[in-house]
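For reference, the structure is listed below as structure tokens.
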Amino acid sequence: MLKGKNIILGITGSIAAYKSAYLVRLLVKEGANVKVVMTPYALEFITPVTLATLSKNTVVHDFFSYDDGSWNSHVDLGIWADLMVIAPATANTIAKMAAGICDNLLLTTYLSVRCTVMLAPAMDMDMFSHAATLENIHTLKERGNIIIEPAEGELASGLEGKGRMEEPEVLLKHISSFFNTKKKLKNKKVLVTAGPTYEALDPVRFIANHSTGKMGYAIAEKLSDQGADVTLISGPTNLLTNKKIKIINVTSAAEMYKASVKAFQGSDIAIMAAAVADYTPAKTKGTKIKAKDRNISLELKKTEDIAAKLGKMKKKNQLLVGFALETDNEITNAVSKLRKKNMDMIVLNSLNDKGAGFKHNTNKISIIDKYNNIHKFELKNKKEVAEDIIDKIIQYIKK
């Protein structure tokens, strides 16, 4: 069921850490590759030797190996993993995760992973019900983390209430369900464009926009989770993505056009999330343009419309999804773009909505299909927005 899946198991300082040994055994029995990362306080409850024996992998709990000076790479772990599970997750660790604190290897790994993170809280009932803890859990949920609610029962304090980490068998069901329900696009070849384009004026300067690429990258990663074979054509960004995604880096609109046309020919689905420049300098200087004591005029020419070209190329069995960022007459403009470019669906977001558009970790969208169905969504983090978009694509394909 979990054969070949790479899972990081994070263990924090809780009496429930003893259950983690059983969870490791169950995961390995199902065919998963498990690497355990522990916090310093977790060492007080269970030994690395036990977990290393069960996982058949070295257990790490510190940044450095003091024997030879080598270091444990949280970056490599983050790239390797298909899922990170933190069980047990204490109130302290949850609070640090919400605040972005990374003062141990487990927390540093959490900030480095590109996969989904699943948490199984374990703490006393009063700690779990405290406003601070509930707010921290809410924050982590909004960022796309999966929370496995603790069970009710006898706690280590002797009290009865909610706070017990779920049993290993229950956690295994959640983990198995995560992987089994993420394969609705298996064997589908999907093209995604993301990020801005840079249009060179000279060797130093260029014309660009404020796109960070976060939305396109989130879509690519969620498609990969669903089993799709993803090709990501990316303009200049500082983002990284998981190793399963084929990434083609481009700079200009012309380069993105050429790469997209080529990739679309073998694709089942194309999602055009990039913010491609509509205009580019008519002439690019070979040397730096010197500043002068007068204004200068800049001649621009229209770039090739990638979405329109793919719309003309589109075959009956291909699906084309576009994006529209508008500031006025949002629905009218988006529908016009949908029709004009022969798209099947268009994702609309407006700069009038607080927290939407460029430079945010959140977005607020509406999805319009060619049958005039309009689906509106609340403001969400971009990983959740990506899931909404992909869910609508899956529903559309099934029609």
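Lettering and numbering for the structure tokens are positional, with chains as A, B, ... in the shown order, residues counted from 1 in each chain, and ligands counted from 1 in the shown order.
Every protein or nucleic acid residue with an atom no more than 12 Å from A:Glu378, counting only C-alpha atoms and leaving out same-chain residues fewer than 4 positions away, appears here: Asn349, Asp353, Lys354, Gly355, Ala356, Thr362, Asn363, Lys364, Ile365, Ser366, Ile367, Lys382, Glu384, Val385 and Asp388 of chain A.
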Any chance you can output those residues with C-alpha atoms as a PDB file, in the first residue's frame?
ATOM      1  CA  ASN A 349      -8.436  36.678  -9.222  1.00  0.00           C
ATOM      2  CA  ASP A 353      -9.472  41.511  -3.091  1.00  0.00           C
ATOM      3  CA  LYS A 354      -7.225  41.929  -0.059  1.00  0.00           C
ATOM      4  CA  GLY A 355      -4.661  39.123   0.161  1.00  0.00           C
ATOM      5  CA  ALA A 356      -5.071  38.075  -3.496  1.00  0.00           C
ATOM      6  CA  THR A 362      -2.932  33.575  -0.053  1.00  0.00           C
ATOM      7  CA  ASN A 363      -5.304  34.008  -2.975  1.00  0.00           C
ATOM      8  CA  LYS A 364      -9.021  34.454  -3.587  1.00  0.00           C
ATOM      9  CA  ILE A 365     -10.326  33.007  -6.826  1.00  0.00           C
ATOM     10  CA  SER A 366     -13.355  32.290  -8.951  1.00  0.00           C
ATOM     11  CA  ILE A 367     -13.295  29.490 -11.520  1.00  0.00           C
ATOM     12  CA  LYS A 382      -2.184  29.057  -2.188  1.00  0.00           C
ATOM     13  CA  GLU A 384      -5.469  25.099  -0.702  1.00  0.00           C
ATOM     14  CA  VAL A 385      -6.295  27.235  -3.743  1.00  0.00           C
ATOM     15  CA  ASP A 388      -9.564  23.756  -5.348  1.00  0.00           C
TER      16      ASP A 388
END
Neighbour list for stretch 156-158 of chain A as a PyMOL selection string, cut-off 10 Å, only C-alpha atoms, skip fewer than 5 positions in-chain: chain A and resi 14-16+123-125+163-164
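Distances to A:Asn373 were evaluated for A:Leu185, A:Val347, A:Ile269, A:Thr280 using only C-alpha atoms, and the minimum falls at A:Val347.
Compared by their closest atoms to A:Leu300, and using only C-alpha atoms, the residues A:Ile393, A:Leu201, A:Ile271, A:Ile175 rank with A:Leu201 nearest.
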Mind listing the strand (DSSP E or B) residues of stretch 97-222 of chain A, per DSSP on the backbone, as a PyMOL selection string? chain A and resi 116-121+146-147+151-154+160-164+189-194+196+199-200+206-207
Quick one: everything within 9 Å of A:Thr212, counting only C-alpha atoms, minus sequence neighbours fewer than 2 positions away in the same chain. Send it as number ranges by chain. A: 194-196, 209-210, 214-215, 236-239, 358-360
If we count only C-alpha atoms, what is near A:Ala208 at a cut-off of 10 Å, once residues fewer than 6 positions away on the same chain are taken out, given as a list of chain:residue names? A:Pro196, A:Thr197, A:Tyr198, A:Glu199, A:Ala200, A:Ser252, A:Ala275, A:Val276, A:Ala277, A:Tyr279, A:Thr280
Restricting it to C-alpha atoms, dump the selection as a JSON list (two decimals), in the first residue's frame.
[["chain", "number", "residue", "atom", "x", "y", "z"],
["A", 196, "PRO", "CA", 7.12, 36.18, -14.39],
["A", 197, "THR", "CA", 9.09, 36.76, -17.56],
["A", 198, "TYR", "CA", 11.98, 39.20, -17.88],
["A", 199, "GLU", "CA", 12.14, 41.26, -21.09],
["A", 200, "ALA", "CA", 15.65, 42.64, -21.55],
["A", 252, "SER", "CA", 11.68, 35.75, -21.55],
["A", 275, "ALA", "CA", 2.35, 36.15, -15.57],
["A", 276, "VAL", "CA", 3.78, 36.52, -19.07],
["A", 277, "ALA", "CA", 4.76, 39.98, -20.31],
["A", 279, "TYR", "CA", 5.04, 43.55, -24.43],
["A", 280, "THR", "CA", 8.78, 43.35, -24.97]]
Residues within 6 Å of stretch 241-250 of chain A, please, as a VMD selection string. Count only C-alpha atoms; anything in the same chain fewer than 3 positions from it doesn't count. chain A and resid 230 to 235 255 to 256
I need the helix (DSSP H, G or I) residues of stretch 107-217 of chain A per DSSP on the backbone, written as a PyMOL selection string. chain A and resi 107-112+125-129+131-142+168-180+214-217
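Relative to atom CA of A:Ile219, atom CA of A:Val192 is found at 7.8 Å.
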